[in-house]
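A.B. asks: Just so it is clear, I am handing over entry-v4.csv, which has CSV, C-alpha atoms and all ligand atoms.
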```
chain,number,residue,atom,x,y,z
A,1,MET,CA,-26.3,-8.9,-52.3
A,2,ASN,CA,-23.1,-6.9,-52.2
A,3,SER,CA,-22.0,-6.1,-48.7
A,4,ILE,CA,-19.1,-4.2,-47.2
A,5,PHE,CA,-18.9,-7.1,-44.7
A,6,SER,CA,-17.3,-10.4,-45.5
A,7,GLU,CA,-19.4,-13.5,-45.1
A,8,PRO,CA,-18.5,-15.5,-42.0
A,9,LYS,CA,-17.2,-18.9,-42.7
A,10,PHE,CA,-17.6,-21.8,-40.3
A,11,VAL,CA,-15.9,-25.2,-39.8
A,12,PRO,CA,-16.9,-28.0,-37.4
A,13,LEU,CA,-15.6,-27.6,-33.8
A,14,GLU,CA,-13.1,-30.2,-32.8
A,15,PHE,CA,-14.2,-31.3,-29.3
A,16,GLN,CA,-13.9,-34.5,-27.4
A,17,LYS,CA,-16.0,-35.1,-24.4
A,18,ILE,CA,-14.0,-36.4,-21.4
A,19,GLU,CA,-15.4,-38.5,-18.5
A,20,THR,CA,-16.1,-36.3,-15.5
A,21,GLU,CA,-13.6,-38.1,-13.3
A,22,GLU,CA,-10.9,-37.6,-15.8
A,23,GLN,CA,-11.9,-33.9,-16.1
A,24,ILE,CA,-11.5,-33.5,-12.4
A,25,LYS,CA,-8.1,-35.2,-12.4
A,26,ARG,CA,-6.9,-33.0,-15.2
A,27,ALA,CA,-8.2,-29.9,-13.4
A,28,GLU,CA,-6.3,-30.9,-10.3
A,29,LYS,CA,-3.1,-31.7,-12.1
A,30,PHE,CA,-3.2,-28.4,-14.0
A,31,TYR,CA,-3.7,-26.5,-10.8
A,32,GLU,CA,-0.9,-28.4,-9.0
A,33,ASN,CA,1.4,-27.6,-11.9
A,34,LEU,CA,0.6,-23.9,-12.2
A,35,ASN,CA,0.5,-23.5,-8.4
A,36,ARG,CA,4.3,-24.3,-8.5
A,37,ARG,CA,4.9,-21.3,-10.7
A,38,ARG,CA,6.8,-18.6,-9.0
A,39,THR,CA,8.0,-15.2,-10.1
A,40,VAL,CA,11.8,-15.5,-10.1
A,41,ARG,CA,14.3,-12.6,-9.9
A,42,GLU,CA,17.5,-14.6,-9.6
A,43,PHE,CA,18.5,-16.2,-12.9
A,44,SER,CA,21.2,-18.5,-14.1
A,45,SER,CA,22.9,-17.4,-17.4
A,46,GLU,CA,22.4,-21.0,-18.8
A,47,GLU,CA,21.1,-20.9,-22.3
A,48,VAL,CA,17.6,-22.1,-23.0
A,49,PRO,CA,16.7,-24.0,-26.1
A,50,LEU,CA,15.0,-21.5,-28.5
A,51,LYS,CA,12.6,-24.3,-29.6
A,52,ILE,CA,10.9,-24.1,-26.2
A,53,VAL,CA,10.5,-20.4,-26.3
A,54,GLU,CA,9.2,-20.6,-29.9
A,55,LYS,CA,6.6,-23.2,-28.8
A,56,ALA,CA,5.6,-21.1,-25.8
A,57,ILE,CA,5.1,-18.1,-27.9
A,58,LEU,CA,3.1,-20.1,-30.4
A,59,THR,CA,1.0,-21.3,-27.5
A,60,ALA,CA,0.5,-17.7,-26.3
A,61,GLY,CA,-0.7,-16.9,-29.8
A,62,THR,CA,-3.6,-19.2,-29.3
A,63,ALA,CA,-5.2,-16.7,-26.9
A,64,PRO,CA,-8.6,-15.3,-27.8
A,65,SER,CA,-8.4,-11.7,-29.0
A,66,GLY,CA,-10.8,-8.9,-29.9
A,67,ALA,CA,-12.1,-9.4,-33.4
A,68,ASN,CA,-9.4,-12.1,-33.8
A,69,MET,CA,-6.9,-9.3,-34.5
A,70,GLN,CA,-4.2,-11.0,-32.4
A,71,PRO,CA,-2.7,-7.7,-31.4
A,72,TRP,CA,0.6,-9.0,-30.0
A,73,ARG,CA,4.3,-9.1,-31.0
A,74,PHE,CA,6.8,-11.1,-28.9
A,75,VAL,CA,10.4,-9.8,-29.3
A,76,VAL,CA,12.9,-12.4,-28.0
A,77,VAL,CA,16.1,-10.7,-27.0
A,78,GLN,CA,19.2,-12.8,-26.7
A,79,ASP,CA,21.8,-10.3,-27.8
A,80,LYS,CA,24.1,-9.3,-24.9
A,81,GLU,CA,24.6,-5.8,-26.1
A,82,ILE,CA,20.9,-5.2,-26.4
A,83,LYS,CA,20.2,-6.7,-23.0
A,84,ARG,CA,22.8,-4.4,-21.6
A,85,LYS,CA,21.1,-1.4,-23.2
A,86,ILE,CA,17.8,-2.5,-21.8
A,87,ARG,CA,19.2,-2.9,-18.3
A,88,ILE,CA,20.8,0.5,-18.3
A,89,ALA,CA,17.6,2.2,-19.6
A,90,ALA,CA,15.4,0.3,-17.2
A,91,GLU,CA,17.5,1.0,-14.2
A,92,LYS,CA,17.5,4.7,-15.0
A,93,GLU,CA,13.7,4.7,-15.0
A,94,GLU,CA,13.4,2.5,-12.0
A,95,TYR,CA,15.8,4.7,-10.0
A,96,GLU,CA,13.4,7.6,-10.6
A,97,SER,CA,10.4,5.4,-9.7
A,98,TYR,CA,11.9,4.2,-6.4
A,99,HIS,CA,13.2,7.7,-5.5
A,100,GLY,CA,10.0,9.8,-5.9
A,101,ARG,CA,7.7,8.6,-8.6
A,102,MET,CA,6.1,5.7,-6.6
A,103,SER,CA,4.0,6.7,-3.7
A,104,GLU,CA,4.9,5.7,-0.1
A,105,LYS,CA,1.8,3.5,0.0
A,106,TRP,CA,3.0,1.7,-3.1
A,107,LEU,CA,6.6,1.3,-1.8
A,108,ARG,CA,5.2,-0.1,1.4
A,109,ARG,CA,3.2,-2.7,-0.6
A,110,LEU,CA,6.4,-3.6,-2.5
A,111,ALA,CA,8.4,-4.2,0.6
A,112,ILE,CA,7.5,-7.9,0.8
A,113,LEU,CA,9.1,-8.4,-2.6
A,114,GLY,CA,12.5,-6.9,-1.7
A,115,THR,CA,12.8,-5.1,-5.0
A,116,ASP,CA,14.8,-2.0,-5.8
A,117,GLU,CA,16.1,-0.1,-8.8
A,118,HIS,CA,18.8,-2.7,-9.5
A,119,LYS,CA,17.8,-5.1,-12.3
A,120,PRO,CA,20.8,-7.4,-13.0
A,121,PHE,CA,18.5,-10.1,-14.3
A,122,LEU,CA,18.0,-8.0,-17.4
A,123,GLU,CA,21.6,-9.0,-18.3
A,124,ILE,CA,21.9,-12.4,-16.6
A,125,ALA,CA,18.7,-14.1,-17.9
A,126,PRO,CA,19.6,-15.7,-21.3
A,127,ILE,CA,16.4,-14.4,-22.8
A,128,LEU,CA,14.1,-11.4,-22.5
A,129,ILE,CA,10.7,-11.7,-24.1
A,130,VAL,CA,9.4,-8.2,-24.7
A,131,VAL,CA,5.7,-8.3,-25.4
A,132,PHE,CA,4.3,-5.5,-27.4
A,133,ARG,CA,0.6,-4.6,-27.8
A,134,ILE,CA,-0.4,-3.6,-31.3
A,135,ASN,CA,-2.8,-0.7,-30.8
A,136,SER,CA,-3.7,0.0,-34.4
A,137,ILE,CA,-3.2,-1.4,-37.9
A,138,THR,CA,-3.0,0.3,-41.2
A,139,GLU,CA,-4.3,-1.4,-44.3
A,140,ASN,CA,-4.6,0.1,-47.8
A,141,GLY,CA,-3.6,3.5,-46.2
A,142,GLU,CA,-6.4,3.3,-43.6
A,143,THR,CA,-5.7,3.1,-39.9
A,144,GLU,CA,-8.0,1.3,-37.5
A,145,PRO,CA,-7.7,0.5,-33.9
A,146,THR,CA,-7.4,-3.0,-32.6
A,147,TYR,CA,-10.2,-3.9,-30.2
A,148,TYR,CA,-9.8,-5.0,-26.5
A,149,SER,CA,-6.1,-5.1,-27.1
A,150,GLN,CA,-5.2,-4.7,-23.4
A,151,GLU,CA,-7.4,-7.7,-22.4
A,152,SER,CA,-6.2,-9.7,-25.4
A,153,VAL,CA,-2.5,-9.2,-24.7
A,154,GLY,CA,-3.1,-9.8,-21.0
A,155,ILE,CA,-4.6,-13.2,-21.7
A,156,ALA,CA,-1.8,-14.1,-24.2
A,157,VAL,CA,0.8,-13.2,-21.6
A,158,GLY,CA,-1.0,-15.4,-19.0
A,159,ILE,CA,-0.8,-18.3,-21.4
A,160,LEU,CA,2.8,-17.5,-22.2
A,161,LEU,CA,3.8,-17.6,-18.5
A,162,ALA,CA,1.9,-20.9,-18.1
A,163,ALA,CA,3.5,-22.4,-21.2
A,164,LEU,CA,7.1,-21.5,-20.1
A,165,HIS,CA,6.5,-22.8,-16.6
A,166,ASN,CA,5.0,-26.0,-18.0
A,167,ALA,CA,8.2,-26.4,-20.1
A,168,GLY,CA,10.4,-26.1,-17.0
A,169,LEU,CA,11.5,-22.5,-17.3
A,170,VAL,CA,11.1,-19.7,-14.8
A,171,THR,CA,10.0,-16.2,-15.6
A,172,LEU,CA,9.7,-12.7,-14.2
A,173,THR,CA,6.8,-10.5,-15.1
A,174,HIS,CA,8.6,-7.2,-15.2
A,175,THR,CA,7.2,-3.8,-16.0
A,176,PRO,CA,9.8,-1.1,-15.8
A,177,SER,CA,7.9,2.1,-15.9
A,178,PRO,CA,7.7,4.0,-18.2
A,179,MET,CA,8.6,1.4,-20.9
A,180,ARG,CA,8.9,3.6,-24.0
A,181,PHE,CA,12.6,3.0,-24.2
A,182,LEU,CA,11.9,-0.6,-25.3
A,183,GLN,CA,10.2,0.7,-28.4
A,184,GLU,CA,13.3,2.7,-29.2
A,185,ILE,CA,16.0,0.1,-28.3
A,186,LEU,CA,14.1,-2.6,-30.2
A,187,ASN,CA,13.2,-0.4,-33.1
A,188,ARG,CA,9.5,-1.1,-33.0
A,189,PRO,CA,7.0,0.8,-35.1
A,190,LYS,CA,4.8,3.4,-33.4
A,191,ASN,CA,1.7,1.2,-33.3
A,192,GLU,CA,3.6,-1.4,-31.0
A,193,ILE,CA,3.3,-0.4,-27.4
A,194,PRO,CA,5.5,-2.1,-24.8
A,195,PHE,CA,3.3,-4.2,-22.6
A,196,VAL,CA,5.5,-6.3,-20.4
A,197,LEU,CA,9.1,-7.6,-20.3
A,198,ILE,CA,9.6,-11.2,-19.4
A,199,PRO,CA,13.1,-12.4,-18.4
A,200,SER,CA,13.0,-16.2,-18.9
A,201,GLY,CA,15.4,-19.0,-18.2
A,202,PHE,CA,16.6,-21.2,-15.4
A,203,PRO,CA,16.8,-20.1,-11.8
A,204,ALA,CA,20.2,-19.4,-10.3
A,205,THR,CA,21.5,-22.1,-8.0
A,206,ASN,CA,19.8,-21.7,-4.6
A,207,ALA,CA,17.5,-18.9,-5.9
A,208,ILE,CA,15.2,-17.6,-3.3
A,209,VAL,CA,11.7,-16.2,-3.7
A,210,PRO,CA,9.5,-14.1,-1.4
A,211,ASP,CA,7.5,-16.0,1.2
A,212,ILE,CA,4.1,-15.0,0.1
A,213,LYS,CA,0.8,-16.9,-0.2
A,214,ARG,CA,-2.0,-17.2,-2.7
A,215,LYS,CA,-5.5,-16.3,-1.6
A,216,PRO,CA,-7.7,-19.3,-0.8
A,217,LEU,CA,-10.7,-20.2,-3.0
A,218,ALA,CA,-13.2,-18.7,-0.6
A,219,GLU,CA,-11.5,-15.3,-1.0
A,220,ILE,CA,-11.4,-15.3,-4.8
A,221,MET,CA,-14.6,-17.1,-5.7
A,222,GLU,CA,-18.2,-16.4,-5.0
A,223,ILE,CA,-21.0,-18.7,-6.1
A,224,ILE,CA,-24.5,-17.2,-6.3
A,301,LIG,N1,8.5,-1.8,-11.7
A,301,LIG,C1,9.2,-1.8,-10.5
A,301,LIG,C2,8.3,-1.8,-9.3
A,301,LIG,C3,7.4,-2.9,-9.1
A,301,LIG,C4,6.1,-2.7,-9.1
A,301,LIG,C5,5.2,-3.7,-8.9
A,301,LIG,I1,3.2,-3.2,-8.8
A,301,LIG,C6,5.6,-5.0,-8.6
A,301,LIG,O1,4.7,-6.0,-8.3
A,301,LIG,C7,7.0,-5.2,-8.5
A,301,LIG,C8,7.9,-4.2,-8.8
A,301,LIG,C9,10.2,-2.9,-10.4
A,301,LIG,O2,10.2,-3.8,-11.3
A,301,LIG,O3,11.0,-3.0,-9.5
```
Please lay out the structure from this file as structure tokens.
C.D. replies:
Amino acid sequence: MNSIFSEPKFVPLEFQKIETEEQIKRAEKFYENLNRRRTVREFSSEEVPLKIVEKAILTAGTAPSGANMQPWRFVVVQDKEIKRKIRIAAEKEEYESYHGRMSEKWLRRLAILGTDEHKPFLEIAPILIVVFRINSITENGETEPTYYSQESVGIAVGILLAALHNAGLVTLTHTPSPMRFLQEILNRPKNEIPFVLIPSGFPATNAIVPDIKRKPLAEIMEII
């Protein structure tokens, strides 16, 4: 029968069962590794091997996505002049945010992080990974939305941060707001919406991070 839908095609799942003890060991090791990840704002300008960034992005691209549309684009900025443009545009927006756009409640929340409108890391970090969310695609002249793109890109970014950390790099999950200027500076098409900007590299010598704690299991999990 003719159908407007394509037939699904299946292949066997590749899956290897692991002994329970080994499972637990791996779960613990993975936690210990990821629990050492910190958001870093003080970068060294030391170059990072592009191969590592490529692999991490490839890893991010393994994320599940709505209807498997993989609605992400990772733009890796190394060019000094473009980084400078991004810093200037971000600091302009951030100035407005810190001087009126953010509520007092919000600013009070942020106080523990010691952030302000100055974003030197946008020029110092050797690499800025700018993640775009593809909100629609056009095929044969027809435009259609992507599905669950916020969730999909959020998951991919989580995997990206884990992959970069695992490879010995540090990152900052940065969301200058609004971020439209990234679309312009990086010349992206209209259907690519800036999602997050991730300065990546090595930490500055003697970098410091906020003394903040993660919630214990009892506060983040409930078993019923
Ligand atoms: N985007 C601003 C403010 C900011 C907001 C949140 I929510 C943070 O967790 C951290 C910062 C900035 O980057 O400074």
A.B. asks: So, with only C-alpha atoms as the atoms that count, which of A:Pro189, A:Pro145, A:Pro126, A:Pro216 lies closest to Pro203 in chain A?
C.D. replies: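 Nearest candidate to Pro203 in chain A out of A:Pro189, A:Pro145, A:Pro126, A:Pro216: A:Pro126.
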A.B. asks: Counting all atoms listed in the file, give me one row per residue of range 126-173 of chain A with an atom at most 7 Å from an atom of range 57-75 of chain A, showing the shortest contact pair and its distance in Å to one decimal, sorted by chain then residue number, as a Markdown table.
C.D. replies:
```
| residue | atom | partner | partner_atom | distance |
| --- | --- | --- | --- | --- |
| A:Ile129 | CA | A:Val75 | CA | 5.5 |
| A:Val130 | CA | A:Val75 | CA | 5.0 |
| A:Val131 | CA | A:Phe74 | CA | 4.6 |
| A:Phe132 | CA | A:Arg73 | CA | 5.1 |
| A:Arg133 | CA | A:Trp72 | CA | 4.9 |
| A:Ile134 | CA | A:Pro71 | CA | 4.7 |
| A:Thr146 | CA | A:Met69 | CA | 6.6 |
| A:Tyr147 | CA | A:Gly66 | CA | 5.0 |
| A:Tyr148 | CA | A:Gly66 | CA | 5.3 |
| A:Ser149 | CA | A:Pro71 | CA | 6.1 |
| A:Ser152 | CA | A:Ser65 | CA | 4.7 |
| A:Val153 | CA | A:Trp72 | CA | 6.1 |
| A:Ile155 | CA | A:Ala63 | CA | 6.3 |
| A:Ala156 | CA | A:Ala60 | CA | 4.8 |
| A:Val157 | CA | A:Ala60 | CA | 6.5 |
| A:Ile159 | CA | A:Ala60 | CA | 5.1 |
| A:Leu160 | CA | A:Ala60 | CA | 4.7 |
| A:Ala163 | CA | A:Thr59 | CA | 6.9 |
```
A.B. asks: Skip Phe181 in chain A itself and residues of its chain fewer than 6 positions away, then list as a compact mmCIF listing (two decimals) with C-alpha atoms, keeping the file's coordinate frame all residues within 12 Å of it, counting only C-alpha atoms.
C.D. replies:
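Result file is out.txt:
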```txt
# COMPACT_ATOMS: atom_id res chain seq x y z
CA ILE A 82 20.90 -5.20 -26.40
CA LYS A 85 21.10 -1.40 -23.20
CA ILE A 86 17.80 -2.50 -21.80
CA ARG A 87 19.20 -2.90 -18.30
CA ILE A 88 20.80 0.50 -18.30
CA ALA A 89 17.60 2.20 -19.60
CA ALA A 90 15.40 0.30 -17.20
CA GLU A 91 17.50 1.00 -14.20
CA LYS A 92 17.50 4.70 -15.00
CA GLU A 93 13.70 4.70 -15.00
CA VAL A 130 9.40 -8.20 -24.70
CA THR A 175 7.20 -3.80 -16.00
CA ASN A 187 13.20 -0.40 -33.10
CA ARG A 188 9.50 -1.10 -33.00
CA ILE A 193 3.30 -0.40 -27.40
CA PRO A 194 5.50 -2.10 -24.80
CA PHE A 195 3.30 -4.20 -22.60
CA LEU A 197 9.10 -7.60 -20.30
```
A.B. asks: Enclose all atoms of range 162-179 of chain A listed in the file in an axis-aligned box, grow every side by 6 Å, and hand back centre and edge lengths in Å to one decimal, as lines of an AutoDock Vina configuration file.
C.D. replies:
```
center_x = 6.7
center_y = -11.2
center_z = -17.7
size_x = 21.6
size_y = 42.4
size_z = 19.0
```
A.B. asks: At most 12 Å is the cut-off: for each residue in chain A with any atom that close to an atom of ligand LIG 301 (chain A), write down the nearest atom pair and the distance in Å rounded to one decimal, counting all atoms listed in the file, chain first then increasing number, as a tab-separated table.
C.D. replies:
```
residue	atom	partner	partner_atom	distance
A:Thr39	CA	A:LIG301	O1	9.9
A:Val40	CA	A:LIG301	C7	11.5
A:Arg41	CA	A:LIG301	O2	9.8
A:Arg87	CA	A:LIG301	O2	11.4
A:Ala90	CA	A:LIG301	O2	8.9
A:Glu91	CA	A:LIG301	O3	9.0
A:Lys92	CA	A:LIG301	C1	11.5
A:Glu93	CA	A:LIG301	N1	9.0
A:Glu94	CA	A:LIG301	C1	6.2
A:Tyr95	CA	A:LIG301	O3	9.1
A:Glu96	CA	A:LIG301	C1	10.3
A:Ser97	CA	A:LIG301	C1	7.3
A:Tyr98	CA	A:LIG301	C2	7.6
A:His99	CA	A:LIG301	C2	11.3
A:Arg101	CA	A:LIG301	C2	10.4
A:Met102	CA	A:LIG301	C2	8.3
A:Ser103	CA	A:LIG301	C4	11.0
A:Lys105	CA	A:LIG301	I1	11.1
A:Trp106	CA	A:LIG301	I1	7.5
A:Leu107	CA	A:LIG301	C2	8.3
A:Arg108	CA	A:LIG301	I1	10.8
A:Arg109	CA	A:LIG301	I1	8.2
A:Leu110	CA	A:LIG301	C7	6.2
A:Ala111	CA	A:LIG301	C7	9.3
A:Ile112	CA	A:LIG301	C7	9.7
A:Leu113	CA	A:LIG301	C7	7.0
A:Gly114	CA	A:LIG301	O3	8.8
A:Thr115	CA	A:LIG301	O3	5.3
A:Asp116	CA	A:LIG301	O3	5.4
A:Glu117	CA	A:LIG301	O3	5.9
A:His118	CA	A:LIG301	O3	7.8
A:Lys119	CA	A:LIG301	O3	7.6
A:Pro120	CA	A:LIG301	O3	11.3
A:Phe121	CA	A:LIG301	O2	10.8
A:Leu122	CA	A:LIG301	O2	10.8
A:Leu172	CA	A:LIG301	O2	9.4
A:Thr173	CA	A:LIG301	O2	8.4
A:His174	CA	A:LIG301	O2	5.4
A:Thr175	CA	A:LIG301	N1	4.9
A:Pro176	CA	A:LIG301	N1	4.4
A:Ser177	CA	A:LIG301	N1	5.8
A:Pro178	CA	A:LIG301	N1	8.7
A:Met179	CA	A:LIG301	N1	9.7
A:Val196	CA	A:LIG301	N1	10.2
A:Leu197	CA	A:LIG301	O2	9.8
A:Ile198	CA	A:LIG301	O2	11.0
A:Pro199	CA	A:LIG301	O2	11.5
A:Pro210	CA	A:LIG301	C7	11.7
```
A.B. asks: Would you list the residues near (2.5, -22.5, -16.4), meaning any protein, DNA or RNA residue with an atom at most 7 Å from that point in file coordinates, counting all atoms listed in the file, as a ChimeraX atom specification?
C.D. replies: /A:33-34,37,161-166
A.B. asks: How far is it from CA of Leu186 in chain A to CA of Leu128 in chain A, in Å with one decimal?
C.D. replies: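 The value is 11.7 Å.
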A.B. asks: Tell me, in Å to one decimal, how far CA of Glu19 in chain A is from CA of Ile224 in chain A.
C.D. replies: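 Distance reported for this atom pair: 26.2 Å.
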A.B. asks: Find, counting all atoms listed in the file, the residue in A:Glu192, A:Phe15, A:Phe5, A:Gln78 that gets nearest to Glu46 in chain A.
C.D. replies: A:Gln78
